[in-house]
file final-v8.txt (compact mmCIF, C-alpha atoms)
# COMPACT_ATOMS: atom_id res chain seq x y z
CA MET X 1 0.00 0.00 0.00
CA LEU X 2 2.78 2.43 0.85
CA LEU X 3 4.57 1.52 -2.37
CA ALA X 4 1.43 2.31 -4.39
CA CYS X 5 1.13 5.74 -2.75
CA MET X 6 4.78 6.52 -3.37
CA LEU X 7 4.49 5.51 -7.01
CA SER X 8 1.38 7.57 -7.61
CA THR X 9 2.98 10.85 -6.51
CA PRO X 10 5.56 11.10 -9.34
CA LEU X 11 2.94 9.97 -11.85
CA GLN X 12 0.57 12.69 -10.75
CA ALA X 13 3.32 15.29 -11.10
CA ALA X 14 3.93 14.13 -14.69
CA ASP X 15 0.20 14.11 -15.55
CA PRO X 16 -1.42 17.53 -15.02
CA PHE X 17 -4.89 15.92 -15.24
CA ALA X 18 -4.27 13.31 -12.53
CA ALA X 19 -5.72 15.55 -9.83
CA GLY X 20 -9.09 15.68 -11.61
CA VAL X 21 -9.27 19.48 -11.27
CA ARG X 22 -6.68 21.73 -12.86
CA THR X 23 -4.58 23.73 -10.45
CA THR X 24 -3.66 26.41 -12.99
CA GLY X 25 -5.08 29.86 -12.57
CA PRO X 26 -8.08 31.08 -14.55
CA LEU X 27 -7.71 32.70 -17.95
CA THR X 28 -9.82 35.49 -19.39
CA ALA X 29 -12.11 34.54 -22.25
CA ALA X 30 -9.74 36.22 -24.73
CA GLU X 31 -6.72 34.37 -23.29
CA GLU X 32 -8.56 31.05 -23.35
CA GLN X 33 -9.66 31.60 -26.95
CA LYS X 34 -5.99 31.86 -28.00
CA THR X 35 -5.28 28.36 -26.60
CA PHE X 36 -7.76 26.58 -28.90
CA LYS X 37 -6.29 24.41 -31.65
CA LEU X 38 -8.70 24.41 -34.60
CA PRO X 39 -8.68 22.48 -37.87
CA PRO X 40 -7.89 24.50 -41.01
CA GLY X 41 -10.85 26.57 -42.16
CA PHE X 42 -12.47 26.72 -38.71
CA GLU X 43 -12.76 29.75 -36.48
CA ILE X 44 -13.91 30.24 -32.92
CA GLN X 45 -15.99 33.17 -31.74
CA LEU X 46 -16.75 34.25 -28.21
CA VAL X 47 -20.52 34.27 -27.70
CA ALA X 48 -20.74 34.08 -23.90
CA ALA X 49 -18.40 34.33 -20.93
CA GLU X 50 -18.51 34.92 -17.20
CA PRO X 51 -20.71 36.06 -15.58
CA ASP X 52 -23.24 34.74 -18.16
CA ILE X 53 -21.80 31.22 -17.93
CA TYR X 54 -19.22 29.61 -15.63
CA LYS X 55 -18.23 26.10 -16.66
CA PRO X 56 -20.13 24.95 -19.76
CA LEU X 57 -20.21 21.15 -20.01
CA ASN X 58 -22.58 20.48 -22.91
CA MET X 59 -23.70 22.69 -25.76
CA ALA X 60 -26.15 22.20 -28.63
CA PHE X 61 -27.90 24.42 -31.16
CA ASP X 62 -31.63 24.01 -31.71
CA ALA X 63 -33.53 24.55 -34.96
CA ARG X 64 -34.04 28.24 -34.09
CA GLY X 65 -30.28 28.85 -33.77
CA ARG X 66 -30.33 29.17 -29.99
CA LEU X 67 -27.43 27.73 -28.01
CA TRP X 68 -28.41 25.46 -25.11
CA VAL X 69 -25.69 25.18 -22.46
CA THR X 70 -25.48 23.06 -19.32
CA ASP X 71 -23.57 25.35 -16.99
CA THR X 72 -22.01 24.23 -13.76
CA VAL X 73 -20.69 25.84 -10.64
CA GLU X 74 -20.55 22.62 -8.59
CA HIS X 75 -19.05 20.07 -11.02
CA PRO X 76 -17.19 17.81 -10.40
CA PHE X 77 -18.34 17.92 -6.78
CA PRO X 78 -21.95 17.54 -5.62
CA ALA X 79 -23.67 20.38 -3.80
CA PRO X 80 -23.77 19.88 -0.03
CA PRO X 81 -27.05 18.40 1.24
CA SER X 82 -27.71 21.63 3.17
CA ARG X 83 -28.33 23.74 0.03
CA GLN X 84 -29.70 23.48 -3.49
CA GLY X 85 -27.27 22.91 -6.36
CA ARG X 86 -26.28 25.85 -8.52
CA ASP X 87 -25.83 24.11 -11.87
CA THR X 88 -28.15 25.38 -14.60
CA LEU X 89 -29.37 24.92 -18.14
CA LYS X 90 -29.16 28.18 -20.07
CA ILE X 91 -30.54 29.12 -23.47
CA LEU X 92 -28.45 31.75 -25.24
CA GLU X 93 -30.00 33.60 -28.15
CA ASP X 94 -28.67 36.38 -30.37
CA THR X 95 -31.61 38.55 -31.35
CA ASP X 96 -29.51 41.00 -33.35
CA VAL X 97 -28.52 40.15 -36.93
CA ASP X 98 -24.75 39.98 -37.47
CA VAL X 99 -23.54 43.13 -39.22
CA ALA X 100 -22.21 41.08 -42.16
CA PHE X 101 -25.73 39.78 -42.87
CA ARG X 102 -27.58 43.09 -42.65
CA THR X 103 -29.21 44.36 -45.76
CA THR X 104 -27.91 47.63 -47.17
CA THR X 105 -30.47 49.77 -48.97
CA LEU X 106 -29.12 52.28 -51.45
CA THR X 107 -30.97 55.25 -52.88
CA LEU X 108 -29.27 56.20 -56.13
CA VAL X 109 -29.03 59.69 -57.60
CA ASN X 110 -31.43 58.61 -60.40
CA GLY X 111 -34.10 57.77 -57.76
CA LYS X 112 -33.74 54.00 -58.06
CA VAL X 113 -33.65 52.05 -54.76
CA VAL X 114 -31.66 48.79 -54.55
CA SER X 115 -30.78 46.53 -51.63
CA GLY X 116 -28.48 43.61 -50.92
CA LEU X 117 -25.64 42.30 -48.81
CA PHE X 118 -22.37 44.17 -49.17
CA ARG X 119 -19.71 41.87 -50.66
CA ARG X 120 -16.66 44.06 -51.38
CA ALA X 121 -15.35 47.39 -52.59
CA ALA X 122 -13.69 47.34 -56.01
CA GLY X 123 -12.13 50.74 -56.59
CA ALA X 124 -14.89 53.27 -57.27
CA THR X 125 -17.50 50.48 -57.30
CA LEU X 126 -19.27 48.59 -54.52
CA VAL X 127 -20.30 44.97 -55.06
CA PHE X 128 -23.48 43.62 -53.45
CA VAL X 129 -25.42 40.35 -53.58
CA ASP X 130 -29.19 40.39 -54.09
CA ASP X 131 -31.74 38.07 -52.47
CA LYS X 132 -31.20 35.49 -55.23
CA GLY X 133 -27.42 35.38 -54.71
CA LYS X 134 -26.61 37.36 -57.86
CA GLU X 135 -23.86 39.98 -57.60
CA PHE X 136 -24.53 43.54 -58.73
CA THR X 137 -22.32 46.62 -58.73
CA VAL X 138 -23.00 50.23 -57.90
CA SER X 139 -20.68 53.15 -58.57
CA LYS X 140 -19.94 55.06 -55.36
CA SER X 141 -20.67 58.31 -57.22
CA ASP X 142 -24.21 57.06 -58.01
CA ILE X 143 -25.13 56.63 -54.32
CA GLU X 144 -27.23 59.42 -52.84
CA GLU X 145 -27.99 57.64 -49.57
CA GLN X 146 -27.22 54.27 -47.96
CA ASN X 147 -28.83 52.64 -44.94
CA LYS X 148 -28.01 49.39 -43.16
CA SER X 149 -31.01 47.50 -41.87
CA HIS X 150 -31.06 45.50 -38.65
CA LEU X 151 -32.94 42.84 -40.60
CA SER X 152 -31.61 39.99 -42.69
CA LEU X 153 -32.61 39.00 -46.23
CA MET X 154 -33.17 35.48 -44.87
CA PRO X 155 -36.82 34.63 -44.08
CA ALA X 156 -37.42 34.26 -40.34
CA ASN X 157 -38.81 30.72 -40.68
CA LEU X 158 -36.24 29.44 -43.18
CA VAL X 159 -34.86 26.85 -40.77
CA GLU X 160 -38.32 25.25 -40.59
CA THR X 161 -38.73 25.01 -44.37
CA ILE X 162 -35.50 23.32 -45.55
CA PRO X 163 -33.79 20.05 -44.63
CA GLU X 164 -31.26 20.27 -41.79
CA ARG X 165 -28.28 19.43 -44.05
CA ASP X 166 -29.25 22.21 -46.49
CA PHE X 167 -29.50 24.63 -43.58
CA GLN X 168 -26.04 23.62 -42.35
CA ASN X 169 -24.63 24.15 -45.85
CA LEU X 170 -26.32 27.56 -46.04
CA LEU X 171 -24.94 28.54 -42.66
CA ALA X 172 -21.41 27.50 -43.68
CA TYR X 173 -21.73 29.56 -46.87
CA LEU X 174 -22.99 32.63 -45.02
CA LEU X 175 -20.19 32.40 -42.48
CA SER X 176 -17.66 32.23 -45.31
CA GLN X 177 -19.21 35.37 -46.81
CA ARG X 178 -19.01 37.17 -43.49
CA ALA X 179 -15.32 36.27 -43.22
CA ALA X 180 -14.74 37.61 -46.74
CA SER X 181 -16.68 40.78 -45.91
CA GLU X 182 -14.66 41.37 -42.73
CA LYS X 183 -11.44 41.26 -44.76
CA CYS X 184 -12.63 44.19 -46.90
CA ALA X 185 -12.15 47.75 -45.75
CA CYS X 186 -15.34 49.33 -44.53
CA TYR X 187 -17.01 50.77 -47.62
CA ALA X 188 -18.98 53.41 -45.72
CA GLU X 189 -15.84 55.42 -45.01
CA ALA X 190 -14.34 54.78 -48.49

call {"tool": "encode", "arguments": {"input": "final-v8.txt", "output": "structure tokens"}}
result
Amino acid sequence: MLLACMLSTPLQAADPFAAGVRTTGPLTAAEEQKTFKLPPGFEIQLVAAEPDIYKPLNMAFDARGRLWVTDTVEHPFPAPPSRQGRDTLKILEDTDVDVAFRTTTLTLVNGKVVSGLFRRAAGATLVFVDDKGKEFTVSKSDIEEQNKSHLSLMPANLVETIPERDFQNLLAYLLSQRAASEKCACYAEA
């Protein structure tokens, strides 16, 4: 028995997970994000941090795009019998449309009104995508007024009308467009 205890001490020192609970200090959300190792083509975005959540154990998205999180304060230890546990199930929902998916409405000097998602600036021209996915260009000098909506071109109930795999493909495409849009200089100041 003594030999087993003596042998386990050096092994625990070599294995930082042997204690069951890490003894390292806490990191901020931004510091923790830098430690993630992601496959090529993937990105990680901070959507919630303390004090909104503490120790998320399980996460899943529902058909409405909400993130369900089992959040723990107690784990891996049970709450004492003298008080109620503090672990929770939280539903996180973003009710604001990401800026990359907001529709831009342009009033042109000739009175015509057009709208679409901004794609990129190309010299004196801005490139947009209409609701059918077709690119169109507008000369900056032809724009009298431009307004960004807080609404998306995507129908609110789209997730209920298409197969799950098609929705996942659409979401991947839209995220790739947002990444491309973020690489462009902001056209409003151009």

call {"tool": "closest_residue", "arguments": {"input": "final-v8.txt", "among": "X:Asp130, X:Asp15, X:Glu164, X:Asp87", "to": "Arg102 in chain X", "atoms": "only C-alpha atoms"}}
result
X:Asp130

call {"tool": "atom_distance", "arguments": {"input": "final-v8.txt", "atom1": "CA of Leu57 in chain X", "atom2": "CA of Pro40 in chain X"}}
result
24.6 Å

call {"tool": "closest_residue", "arguments": {"input": "final-v8.txt", "among": "X:Phe136, X:Thr23, X:Leu92, X:Gln84", "to": "Ala49 in chain X", "atoms": "only C-alpha atoms"}}
result
X:Leu92

call {"tool": "residues_around", "arguments": {"input": "final-v8.txt", "residues": "Gln146 in chain X", "least_positions_apart": "5", "cutoff": "8 Å", "atoms": "all atoms listed in the file", "output": "list in words"}}
result
Thr104, Thr105, Leu106 and Thr107 of chain X

call {"tool": "closest_residue", "arguments": {"input": "final-v8.txt", "among": "X:Leu175, X:Ala122, X:Ala63, X:Lys134", "to": "Thr161 in chain X", "atoms": "all atoms listed in the file"}}
result
X:Ala63

call {"tool": "atom_distance", "arguments": {"input": "final-v8.txt", "atom1": "CA of Pro80 in chain X", "atom2": "CA of Pro26 in chain X"}}
result
24.1 Å

call {"tool": "residues_around", "arguments": {"input": "final-v8.txt", "residues": "range 59-62 of chain X", "least_positions_apart": "3", "cutoff": "10 Å", "atoms": "only C-alpha atoms", "output": "ChimeraX atom specification"}}
result
/X:56,65-71,89-93

call {"tool": "residues_near_point", "arguments": {"input": "final-v8.txt", "point": "(-20.7, 52.2, -56.2)", "cutoff": "9 Å", "atoms": "only C-alpha atoms", "output": "list in words"}}
result
Ala121, Ala122, Gly123, Ala124, Thr125, Leu126, Val127, Thr137, Val138, Ser139, Lys140, Ser141, Asp142 and Ile143 of chain X

call {"tool": "atom_distance", "arguments": {"input": "final-v8.txt", "atom1": "CA of Gly41 in chain X", "atom2": "CA of Leu117 in chain X"}}
result
22.6 Å

call {"tool": "closest_residue", "arguments": {"input": "final-v8.txt", "among": "X:Phe42, X:Tyr54, X:Phe77, X:Phe167", "to": "Ala29 in chain X", "atoms": "only C-alpha atoms"}}
result
X:Tyr54

call {"tool": "residues_around", "arguments": {"input": "final-v8.txt", "residues": "Thr28 in chain X", "least_positions_apart": "5", "cutoff": "12 Å", "atoms": "only C-alpha atoms", "output": "PDB file with C-alpha atoms, in the coordinates of the input"}}
result
ATOM      1  CA  GLN X  33      -9.660  31.600 -26.950  1.00  0.00           C
ATOM      2  CA  LYS X  34      -5.990  31.860 -28.000  1.00  0.00           C
ATOM      3  CA  THR X  35      -5.280  28.360 -26.600  1.00  0.00           C
ATOM      4  CA  LEU X  46     -16.750  34.250 -28.210  1.00  0.00           C
ATOM      5  CA  ALA X  48     -20.740  34.080 -23.900  1.00  0.00           C
ATOM      6  CA  ALA X  49     -18.400  34.330 -20.930  1.00  0.00           C
ATOM      7  CA  GLU X  50     -18.510  34.920 -17.200  1.00  0.00           C
ATOM      8  CA  PRO X  51     -20.710  36.060 -15.580  1.00  0.00           C
ATOM      9  CA  TYR X  54     -19.220  29.610 -15.630  1.00  0.00           C
TER      10      TYR X  54
END

call {"tool": "axis_aligned_box", "arguments": {"input": "final-v8.txt", "around": "range 28-37 of chain X", "padding_each_side": "5 Å", "output": "AutoDock Vina command-line options"}}
result
--center_x -8.7 --center_y 30.3 --center_z -25.5 --size_x 16.8 --size_y 21.8 --size_z 22.3
